[in-house]
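Read through the structure below, which is laid out as structure tokens, and then see the notes.
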Amino acid sequence: MTENSKTIALLVAAGQGNRAGGDTPKQFRLVAGKAVLAHAYDALAAHGGMDAIHIVLGAGQEDTARNLLGDRAASFIEGADSRRGSVRAGLESIAAMGGAERVLIHDAARPFLPGAVIDRLLHALDGAPGAIPALPVADTLVRGMDGRIADGVPRDGLFRVQTPQAFRFATIMAAHRAWDVAREATDDAQILRAAGHDVMMVDGDEGLEKLTYPQDFARAEARLAPAMTVRVGMGYDVHRLAADELLWLGGVLVPHDRGLAGHSDADVALHAIVDALLGALAEGDIGSHFPPSDAQWRGASSDRFLAYAGERVVARGGRIDHIDLTIICEAPKIGPHRDAMRTRIATILAVPIDRVSVKATTTERLALPGGAKVLRRRRLPPSPFPRYPDAMTDTLLPTALVELAEKVIIANRRAGRTIAVAESCTGGLVSAALTEIAGSSDVFEAGFVTYSNNMKAEILKVSHDVLETFGAVSIATAWAMAQGALKQSRAHVAVAITGVAGPGGGTEQKPVGTVVFARAERGGSPDKIVADLRHFGDMGRGGVRLQAALCALELLLPDSPAP
């Protein structure tokens with residue numbers, strides 16, 4: 001094929017489209033998840049008769065067009081201030097590249113181009129220098145004056161002109177060069193006729209109507225909606241808090257005394273949205289596209305990751321209908337930053353802000369392990385045992401504590417179970433109660449008392465990430481302690497306790513008297529978490545330790561109520 005036997009499409013997309021509403025030029029707006037420009041390009045490319053497609057853009061628009069078109073093999077030409085000037089620039093560029101035999105000049109604002117219309121145009125060029133698609137006018141036409149009907153206009157011989165318009169390249173190029181630039185033309189057919197050439201008409205198509213006003217876009221969305229499928233993706237991410245780090249959440253820098261640690265800026269909110277979008281596309285997760293092992297992503301802004309995920313949706317012909325983000329944290333307060341986050345996410349994804357929801361909640365001080373899929377909280381009944389302010393009687397331990405310990409030993413012996421205990425705030429009080437019972441060694445396998453976080457990590461193998469992220473007094477830590485007690489012994493069941501016995505050490509979120517319990521059973525599902533948080537109040541260190549020990553012993557009973 002020689003250069004002059006080519007058929008080239010010139011896609012004109014240099015306008016601003018102000019009548020369509022919004023701040024985005026209409027050729028870049030999304031319809032059914034894909035840019036208008038991409039719809040028009042794909043329609044031309046799908047015909048198979050185009051040897052090349054050149055796109056005429058306004059100044060500074062190329063980067064936007066490239067992002068929206070992805071890997072489509074388009075070339076770009078900078079246009080002018082008018083449509084005629086933009087077409088002329090496109091034709092001159094084609095001429096500089098060697099010319100063509102035929103050229104189709106098409107407006108990107110008519111994105112839904114049937115291949116049959118192209119067939120009719122190319123066939124008409126076999127016997128004419130130019131051809132246009134047109135539809136007869138079916139509506140009554142009138143002239144108006146001052147808001148009133150003046151004269152009727154006969155419809156006979158009137159047609160609505162569409163694009164693409166097809167021409168012999170050399171002929172339309174010469175006609176444009178000869179055109180008086182002091183005048184503007186309504187279309188390229190007018191320019192060809194002014195040069196003395198005939199222009200043929202072929203049947204157009206109702207679906208080829210121009211997108212001009214907001215209601216046109218609404219109709220286009222409704223037209224394409226039945227062809228789209230709904231996909232839902234879910235994302236989840238967690239990073240540990242660390243000193244000397246900035247706290248980025250939802251694309252917004254949030255003032256706080258600590259930040260999130262990670263390879264990039266560790267914005268868990270944006271990371272979760274990225275995973276949700278990639279999940280809906282079945283394209284892996286954020287780590288497969290931006291691996292932490294790659295040094296180029298060290299300290300990178302998560303805006304880049306989210307923009308990439310949004311571009312992948314568009315490239316696959318998708319549309320982001322709604323983003324629903326829930327941030328789970330105890331601090332800082334998300335409310336003051338919610339609107340800024342919504343705005344930032346909407347901007348990055350190029351969607352209206354009313355499609356972005358940002359919510360926040362706490363765990364009610366129950367920090368959850370990152371890997372847990374199901375949380376089953378055990379609500380302990382009110383303790384039937386009296387509270388002992390001084391925690392001392394004539395015996396070594398309070399009678400109620402020893403009696404319950406004996407009940408635990410007897411019940412587990414009958415059930416053929418062995419038990420273990422991992423203690424922090426109680427300081428060995430549960431183990432002491434169990435060992436008060438004669439013969440307890442055939443049931444009581446091991447007792448681990450770990451006050452410091454280092455010992456929790458070293459003896460019970462509690463992850464430093466869990467301790468640093470959730471704290472020593474948390475469901476996550478208690479659960480890890482109970483699991484560790486099982487792994488470090490041969491017990492069938494283990495109970496862990498961690499809390500703030502006082503008199504100091506409490507915080508607003510975890511005051512003195514806060515105690516967390518967890519129970520793990522060998523062979524049980526790692527997703528079935530039996531845990532609870534209790535607030536005994538500031539009843540003195542001895543009182544808190546005693547109540548905590550009583551609750552822990554109850555959890556060791558084999559006939560404890562199911563969670």
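Labels used: A, B, ... for chains in the order of the structure tokens, numbers from 1 for residues in each chain, and numbers from 1 for ligands as shown.
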
message: Show me, as a PyMOL selection string, the residues that have an atom within 12 Å of range 502-510 of chain A when counting only C-alpha atoms, minus same-chain residues fewer than 2 positions from it.
response: chain A and resi 329-331+362-367+425-426+470-474+498-500+512-516+533-545

message: According to DSSP computed on the backbone, where in range 376-520 of chain A is there alpha helix (DSSP H)? Give the residues as a VMD selection string.
response: chain A and resid 399 to 415 429 to 435 453 to 460 464 to 470 475 to 487

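Between CA of Ala400 in chain A and CA of Ala433 in chain A there is a distance of 10.1 Å.
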
query: How many Å lie between CA of Leu434 in chain A and CA of Ala405 in chain A, rounded to one decimal?
result: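 Distance between the two atoms: 5.2 Å.
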
message: Just the number, please: distance in Å from CA of Leu396 in chain A to CA of Gly428 in chain A, one decimal.
response: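 Straight-line distance from CA of Leu396 in chain A to CA of Gly428 in chain A works out to 13.7 Å.
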